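Below: the structure, in structure tokens.
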4 protein chains.
Amino acid sequence: MKKIPVAVLAATGSVGQRFIQLLDNHPWFEVVAVTGSERSHGKTYAEVCRWLLAGDMPAWARNLPVLVSSPDEVQVPLAFSGLPADAARDIEPAFARAGTAVCSNASAYRAEADVPILLPEVNPDHAFIIPTQREKRGWSGLIATNPNCTSTGMTVALKALQDAFGLKRVFAVSLQALSGAGYPGVPSMDIIDNVIPYIGGEEDKVEWEPRKMLGAYRDGRIELADFGISAHTNRVAVSDGHTVCLSIEFVEKASPAQVAAVLAAYEAPEIARELPSAPKPAILVRGEDNRPQPRLDRMTGSGMTTVVGRVRPDSLFDARMVVLSHNTIRGAAGGSLYNAELLVQLGFIQ
Amino acid sequence: MKKIPVAVLAATGSVGQRFIQLLDNHPWFEVVAVTGSERSHGKTYAEVCRWLLAGDMPAWARNLPVLVSSPDEVQVPLAFSGLPADAARDIEPAFARAGTAVCSNASAYRAEADVPILLPEVNPDHAFIIPTQREKRGWSGLIATNPNCTSTGMTVALKALQDAFGLKRVFAVSLQALSGAGYPGVPSMDIIDNVIPYIGGEEDKVEWEPRKMLGAYRDGRIELADFGISAHTNRVAVSDGHTVCLSIEFVEKASPAQVAAVLAAYEAPEIARELPSAPKPAILVRGEDNRPQPRLDRMTGSGMTTVVGRVRPDSLFDARMVVLSHNTIRGAAGGSLYNAELLVQLGFIQ
Amino acid sequence: MKKIPVAVLAATGSVGQRFIQLLDNHPWFEVVAVTGSERSHGKTYAEVCRWLLAGDMPAWARNLPVLVSSPDEVQVPLAFSGLPADAARDIEPAFARAGTAVCSNASAYRAEADVPILLPEVNPDHAFIIPTQREKRGWSGLIATNPNCTSTGMTVALKALQDAFGLKRVFAVSLQALSGAGYPGVPSMDIIDNVIPYIGGEEDKVEWEPRKMLGAYRDGRIELADFGISAHTNRVAVSDGHTVCLSIEFVEKASPAQVAAVLAAYEAPEIARELPSAPKPAILVRGEDNRPQPRLDRMTGSGMTTVVGRVRPDSLFDARMVVLSHNTIRGAAGGSLYNAELLVQLGFIQ
Amino acid sequence: MKKIPVAVLAATGSVGQRFIQLLDNHPWFEVVAVTGSERSHGKTYAEVCRWLLAGDMPAWARNLPVLVSSPDEVQVPLAFSGLPADAARDIEPAFARAGTAVCSNASAYRAEADVPILLPEVNPDHAFIIPTQREKRGWSGLIATNPNCTSTGMTVALKALQDAFGLKRVFAVSLQALSGAGYPGVPSMDIIDNVIPYIGGEEDKVEWEPRKMLGAYRDGRIELADFGISAHTNRVAVSDGHTVCLSIEFVEKASPAQVAAVLAAYEAPEIARELPSAPKPAILVRGEDNRPQPRLDRMTGSGMTTVVGRVRPDSLFDARMVVLSHNTIRGAAGGSLYNAELLVQLGFIQ
């Protein structure tokens, strides 16, 4: 099988670097182009990228010239976007119009009715809105997004529970990692011996995105799922891995044992189960009373598995639990890769 | 005014050290005795206490002999207890029987019907159960407790809101400091680059103690307040200062502006307002979107003030906010001191 | 005594904020003007300053208008400069020419032969170069600098040892706090679970500044002291307080007990001993085997005392020790204040 | 090739767990027995081991019964020892006498004249003292140790430099990781926002062990290398990875470029070069001005490579550099494994 040539947009940023790292030796994709901001054009990736991840930059990436984020300069069937939201607003549609499938980590288009927010283990059928998107916008490419990093893990867990018991209300309080703010991101003086109980714009995303992903796709439309979410989002002194405390009210009553069993048995829909980036397992339920913990559990399933623990009754709603997900792998670059694999599988990328 | 001679029980531990620190130059109390575990008997406080607080041990404490925690050896009208719960179970009543008023930080007696959990700015009238306690148990002394450190700040805030709007349901998720686990407490390998989403026994306390403190005292009985609490408790890499995210459902509707105004205007009942350790103000409401933060706000009002911020509407209940309280000052040693001052003012300690 | 009106240049930065904090209720000085960058002009200090220190901004500072850092706009006998080195290069001499005594934290003029680097407890006589400075440059004001924050504590300790035993060679390895890099300074992703073994330009300063401060002032010239220093500088996850490991070769042999005694007995020259910011004591020698530690010892003497511990023989040179100094108090704003007090005492500021 | 059956002594501790993790799928060795303290006897490894490493305990280890650390109960040709020094003193010789080759991480026997401290890339010839050891002590087994974790990386670097330029004097200041203190090890309250400038017994080891390893083996004796070391050892808030700042005086002058070239070209002696745990490369020299850093560089060469950076001239001696080595892999369990492989290769274990 010939690999599909891909571009990474905003490849020098923290999400972009994760794309480069995860695309190293990818069985289906081969990076042929990287883009970056104006002052990096004409230089090589190694020259302009201050590599922030453990381990070295893959050798093949070092000499790639950093190009302009424009379809005039970069023609590929597939692009991964680590663009910031404001830049994504103009650049991503330009690529989609030029025939590129854009798998985006940016929030710019998540709220658009014809753009799916995809988690392949949750809502692969939402990809079927793409023909509507193409028709309506006159695109031969597409834009598919992955959710906010904090929405990601909790939505995977909620999907299993929605299927089994139905969802009515969800309280979610996050303890989020520093890498979620990019680089340079959070100043060290703000987080040493400290908690910041605020992340700009985050609570709105966490209260809305899961309802879109857990809604039904029907006749070219994605309906919002009918349940409520209240979110508090906090920044803590953790490098990678978002922890979310959940209290959930179900439509049907369920015991903690039933809840744990449903989570542990959850499998991605068949179309998404054997893709290269599919998490194995989709959800890992831990039985220890003090897990999941970011440092110990974030790399479960190469950082793609959603880890759930402390499943217990709630004093007000039905069940309580703690969900952990790697924010820059499952919640960002790895999520976009998994989405792209799904779109290839479904024939939207060739 | 002659100072009241006091003892500090378990004075070498982390709570005990805070007692020693806060009793330095106290206008009403003078430490005449300190107690410690068996292997420290017969030595001086300076010899056996590995001082963990910034600044040096007060000079007057250095040469105090470390005594046995027993009324046979220590006769004082007032003792502050930093004993662990299991030791407190036998030792504190022995002192109370011998005529000592024990202001305790231990959880051992909080659940007893005739033992008050006191926060002077919240429920000073609960002290009126002490005659019942004395009569029932045949004590000339008394035991009065302060709540768990996590219950403390949230209960102060909830009191103001209960008075104004009535309480129906409360979601509480804590991000707790390391000092709350004592010393050596949490191993550093467990918390570096990490969160521990579990603190043994804590959630039960946080769900029950506020209901006792916010209940009515009537005819020799303390009734539990009629509202529900769900708590998730987490340990984070912060030295001092517990942060609690609250979502609250009121009996009567209230806007965030009304909630903030009620919190900011809250004053301790008059009997508790001018005591030496009374926080000034009782509650500080901060208007910045990213406060309170432990490192910046824990020492507000010398560590005795409850700091509230991010007052905003909740998506499921009525209001959301973040509460910060210094766990070893307001939530432990400072709280016990404030309680003792209240009991002196009320004539229960002479 | 009427207070001397003073300005704080670059008052919104992290050093500037320390100046504002330490000048609150200063017995000799009163802040009448603050300056800041262009986008803050015309606004109040409270509007533009993101206050980073524990506790609130002093009330008197809130409504001060933020002015341009120029003597055209600010006429005062004394200005404290928290300017970055490049801005200081032009602005500080402009003030000095206009008659202002500039006590500067910037490195811009430290290397100039006629500008003293002052530590009042070390080299108050270096202030006598100011007449030479004024004559040569035609200034009615002056520039006096304080050293780099890492040079500060070690130079105080070295002065005591130089006086007693003479200095030949010094190895210095620092473990420096985050606040030394200003704000936003070090990105949190760079320091969580990490050490950065490099601080740009720091090692040169640490190898040179102590030799200037410990040199003799003679006939309008400051001679460099004749000993060598090798420095490694590292950034660690500490908020405030620079730790420096020293190995020292003396001219005359000395036992660890003699070294400790000399350090403990050290007093500032008489002219500098009773100034408002004079550290009490100048040097504190701790006897525990694991001190000084930044979290526990940095606030010794209100953050102005140099704390030394682990005095022991060295395997290659003569003595080894660990020195701790608060980098933003003794090593920055507090140092400049102490310098200004010295210059008032000496009659250079009126 | 049939795998050699091995035991892990003190397998539940933090070093023991690393042995279990690194022995998972080892090509030559197969764990057949694990030992632990008295209260764990008769239980399975999974029951008594609180697993502290990221990722799960290998499945094959879960049901191993935890045995007594005695050759009466455990007969194997090879045992890896994670025993504490005091327990090692009696237990390790008992195994050696019974015919087991003990590859030990403990310090108990490092100072014995007939026990080698081995780093296969440095001094594999020191293994030739084993016949002397066996003869003198009447053992059919043996004890071979690996050095203290802080000595490890610096000795690898010093070996390359000794060969090329000769060594006269070395200043070493360490910034050591928390995992070096085992578990529970350093209390979190001692290290948050802090540095501890003391590690009991460490400086003596760091000043002596490298001299033994870099000494010559001749006629059944290991001579101490003739150069001096001065060490300061510090604990910092890093999970894994010891950083050491070195200033070195050579016998022959060398430029930084020569030093870097010699380090980068260094290869283990041929006998040790292709062993399963041999680091590839032995030494990695990084050219960035701010590397090595523990979080980014500790896993270089699967945690076995010594990483050197900031090679530059020293102001007093000849060269300065920073050395990083993974303390629980290269500096502990991985080092013992590599030693065992060498001893197999040399025929001392069959």
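In the structure tokens, each chain is lettered A, B, ... as it comes, each chain's residues begin at 1, and ligands are numbered from 1 in order of appearance.
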
(message) Tell me as an MDAnalysis selection string which residues belonging to chain B come within 9 Å of chain A, counting only C-alpha atoms.
(response) chainID B and resid 169:171 173 175 177 190:200 207 228:232 236:241 243 245:247 289:296 310 314:317 320:322

(request) Please run DSSP on the backbone and report, as a list in words, all residues within stretch 86-139 of chain A that come out as alpha helix (DSSP H). (result)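 Taking stretch 86-139 of chain A and keeping alpha helix (DSSP H) gives Asp86, Ala87, Ala88, Arg89, Asp90, Ile91, Glu92, Pro93, Ala94, Phe95, Ala96, Arg97, Ile130, Pro131, Thr132, Gln133, Arg134, Glu135, Lys136 and Arg137 of chain A.
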
(request) Report the distance between atom CA of C:Pro116 and atom CA of C:Ala144 in Å, rounded to one decimal place. (result) 5.6 Å

(message) Which residues are near B:Leu342? Cut-off 9 Å, only C-alpha atoms, ignore same chain within fewer than 6 positions. Put them as a PyMOL selection string.
(response) chain B and resi 120+124+127+271-272+275+348

(request) Report the distance between atom CA of A:Ile248 and atom CA of A:Arg286 in Å, rounded to one decimal place. (result)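 Interatomic distance here is 18.4 Å.
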
Contacts of D:Gly13 at 9 Å (only C-alpha atoms; same-chain gap of 3+ positions) as a PDB file with C-alpha atoms, in the first residue's frame:
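This went into result_16.pdb:
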ATOM      1  CA  ALA D  10      13.540  -7.153  47.561  1.00  0.00           C
ATOM      2  CA  GLY D  16      12.982  -4.096  42.742  1.00  0.00           C
ATOM      3  CA  GLN D  17      10.098  -2.918  40.616  1.00  0.00           C
ATOM      4  CA  ARG D  18      12.497  -1.507  38.043  1.00  0.00           C
ATOM      5  CA  GLY D  36      10.320  -9.577  49.990  1.00  0.00           C
ATOM      6  CA  CYS D  49       3.520  -4.861  45.659  1.00  0.00           C
ATOM      7  CA  ARG D  50       2.185  -1.335  45.389  1.00  0.00           C
ATOM      8  CA  TRP D  51       3.325  -0.792  41.794  1.00  0.00           C
ATOM      9  CA  GLY D  82      17.471  -4.340  45.430  1.00  0.00           C
ATOM     10  CA  LEU D  83      18.081  -4.960  49.128  1.00  0.00           C
ATOM     11  CA  GLY D 182      13.134   5.071  47.205  1.00  0.00           C
ATOM     12  CA  TYR D 183       9.530   4.916  48.370  1.00  0.00           C
TER      13      TYR D 183
END

(message) Among stretch 128-304 of chain B, which residues does DSSP mark as strand (DSSP E or B) when it is run on the backbone? Keep the chain and numbering as in the structure and answer as a ChimeraX atom specification.
(response) /B:142-145,167-176,187,196,217-218,221-222,228-235,242-250,283-285

Keeping only N, CA and C atoms, write those residues as a short mmCIF file (atom, residue, chain, number, x, y, z; two decimals), in the first residue's frame.
data_model
loop_
_atom_site.label_atom_id
_atom_site.label_comp_id
_atom_site.auth_asym_id
_atom_site.auth_seq_id
_atom_site.Cartn_x
_atom_site.Cartn_y
_atom_site.Cartn_z
N LEU B 142 -14.66 19.87 78.75
CA LEU B 142 -15.52 19.76 77.56
C LEU B 142 -14.68 19.34 76.37
N ILE B 143 -15.33 18.88 75.33
CA ILE B 143 -14.68 18.72 74.03
C ILE B 143 -15.46 19.53 72.99
N ALA B 144 -14.74 20.41 72.31
CA ALA B 144 -15.33 21.12 71.16
C ALA B 144 -14.41 20.89 69.98
N THR B 145 -14.97 20.58 68.84
CA THR B 145 -14.13 20.26 67.68
C THR B 145 -14.24 21.34 66.62
N LEU B 167 -30.55 26.35 51.11
CA LEU B 167 -29.71 25.41 50.36
C LEU B 167 -30.51 24.16 50.02
N LYS B 168 -30.41 23.67 48.81
CA LYS B 168 -31.01 22.38 48.45
C LYS B 168 -29.96 21.31 48.14
N ARG B 169 -29.05 21.63 47.22
CA ARG B 169 -28.05 20.62 46.83
C ARG B 169 -26.72 21.30 46.54
N VAL B 170 -25.65 20.62 46.87
CA VAL B 170 -24.30 21.18 46.70
C VAL B 170 -23.38 20.13 46.11
N PHE B 171 -22.75 20.46 44.99
CA PHE B 171 -21.65 19.64 44.48
C PHE B 171 -20.35 20.30 44.89
N ALA B 172 -19.45 19.52 45.45
CA ALA B 172 -18.18 20.06 45.92
C ALA B 172 -17.05 19.18 45.42
N VAL B 173 -16.10 19.78 44.73
CA VAL B 173 -14.90 19.04 44.30
C VAL B 173 -13.69 19.81 44.81
N SER B 174 -12.87 19.09 45.59
CA SER B 174 -11.73 19.75 46.22
C SER B 174 -10.42 19.48 45.49
N LEU B 175 -9.51 20.44 45.60
CA LEU B 175 -8.12 20.30 45.17
C LEU B 175 -7.30 20.64 46.41
N GLN B 176 -6.87 19.62 47.13
CA GLN B 176 -6.37 19.80 48.48
C GLN B 176 -4.84 19.82 48.57
N PRO B 187 4.02 10.89 49.98
CA PRO B 187 5.37 10.75 49.38
C PRO B 187 5.51 11.63 48.14
N ILE B 196 -3.66 12.99 42.84
CA ILE B 196 -4.20 11.77 43.44
C ILE B 196 -5.68 12.01 43.68
N TYR B 217 -29.48 24.57 66.34
CA TYR B 217 -29.38 24.11 67.72
C TYR B 217 -30.71 24.45 68.39
N ARG B 218 -31.31 23.44 68.99
CA ARG B 218 -32.62 23.69 69.61
C ARG B 218 -32.78 22.73 70.79
N ARG B 221 -30.29 19.99 71.36
CA ARG B 221 -30.00 19.10 70.24
C ARG B 221 -29.55 19.91 69.02
N ILE B 222 -28.64 19.29 68.26
CA ILE B 222 -28.24 19.90 66.98
C ILE B 222 -28.88 19.09 65.86
N GLY B 228 -28.45 18.28 50.54
CA GLY B 228 -27.54 17.20 50.17
C GLY B 228 -26.21 17.72 49.64
N ILE B 229 -25.17 16.95 49.85
CA ILE B 229 -23.84 17.30 49.33
C ILE B 229 -23.23 16.09 48.65
N SER B 230 -22.64 16.30 47.50
CA SER B 230 -21.82 15.27 46.86
C SER B 230 -20.40 15.81 46.76
N ALA B 231 -19.45 15.03 47.24
CA ALA B 231 -18.06 15.51 47.26
C ALA B 231 -17.11 14.57 46.53
N HIS B 232 -16.23 15.14 45.73
CA HIS B 232 -15.04 14.45 45.19
C HIS B 232 -13.85 15.15 45.82
N THR B 233 -12.91 14.40 46.37
CA THR B 233 -11.74 15.04 46.99
C THR B 233 -10.45 14.57 46.31
N ASN B 234 -9.59 15.52 46.00
CA ASN B 234 -8.36 15.28 45.24
C ASN B 234 -7.17 15.93 45.93
N ARG B 235 -6.03 15.29 45.82
CA ARG B 235 -4.78 15.87 46.33
C ARG B 235 -3.99 16.44 45.16
N HIS B 242 -6.61 24.80 50.62
CA HIS B 242 -7.53 23.90 49.93
C HIS B 242 -8.48 24.72 49.03
N THR B 243 -8.57 24.31 47.78
CA THR B 243 -9.46 24.94 46.82
C THR B 243 -10.67 24.03 46.63
N VAL B 244 -11.88 24.59 46.67
CA VAL B 244 -13.09 23.78 46.47
C VAL B 244 -13.96 24.44 45.41
N CYS B 245 -14.31 23.67 44.38
CA CYS B 245 -15.26 24.12 43.36
C CYS B 245 -16.67 23.73 43.81
N LEU B 246 -17.56 24.69 43.87
CA LEU B 246 -18.93 24.44 44.35
C LEU B 246 -19.96 24.77 43.27
N SER B 247 -20.94 23.89 43.11
CA SER B 247 -22.15 24.19 42.35
C SER B 247 -23.30 24.02 43.33
N ILE B 248 -24.16 25.04 43.42
CA ILE B 248 -25.15 25.07 44.50
C ILE B 248 -26.55 25.32 43.96
N GLU B 249 -27.49 24.52 44.46
CA GLU B 249 -28.90 24.75 44.17
C GLU B 249 -29.54 25.38 45.40
N PHE B 250 -30.18 26.53 45.22
CA PHE B 250 -30.80 27.24 46.35
C PHE B 250 -32.28 26.90 46.44
N ILE B 283 -15.38 36.74 54.98
CA ILE B 283 -15.31 36.24 53.60
C ILE B 283 -14.80 37.37 52.72
N LEU B 284 -13.81 37.08 51.90
CA LEU B 284 -13.39 38.05 50.89
C LEU B 284 -13.83 37.53 49.53
N VAL B 285 -14.59 38.35 48.81
CA VAL B 285 -15.00 37.96 47.46
C VAL B 285 -14.09 38.66 46.47
#

(message) Can you measure atom CA of C:Val15 to atom CA of C:Thr328 for me? One decimal in Å is fine.
(response)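 About the pair atom CA of C:Val15 and atom CA of C:Thr328: they are 6.7 Å apart.
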
(request) Tell me which protein, DNA and RNA residues are within 12 Å of A:Asp90, counting only C-alpha atoms, leaving out same-chain ones fewer than 4 positions away, and put them as a list in words. (result)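 Once the adjacent positions are removed, what remains is Ser69, Ser70, Pro71, Leu83, Pro84, Ala85, Asp86, Ala94, Phe95, Ala96, Arg97, Ala106, Ala108 and Tyr109 of chain A.
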
(message) Need the shell around B:Gln75: protein/DNA/RNA residues with any atom at most 10 Å away, counting only C-alpha atoms. Skip same-chain ones fewer than 6 positions apart. Format as a ChimeraX atom specification?
(response) /B:5-7,32-33,95,98-100

Based on the selection just made, write C-alpha atoms of those residues as a tab-separated table (two decimals), in the first residue's frame.
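The resulting selection28.tsv:
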chain	number	residue	atom	x	y	z
B	5	PRO	CA	-2.41	28.61	80.76
B	6	VAL	CA	-2.84	26.12	77.91
B	7	ALA	CA	-1.39	22.84	76.75
B	32	VAL	CA	2.67	26.03	79.67
B	33	ALA	CA	2.81	22.41	78.51
B	95	PHE	CA	-8.80	15.55	79.85
B	98	ALA	CA	-10.35	16.08	84.56
B	99	GLY	CA	-11.75	19.55	83.95
B	100	THR	CA	-9.90	20.61	80.81
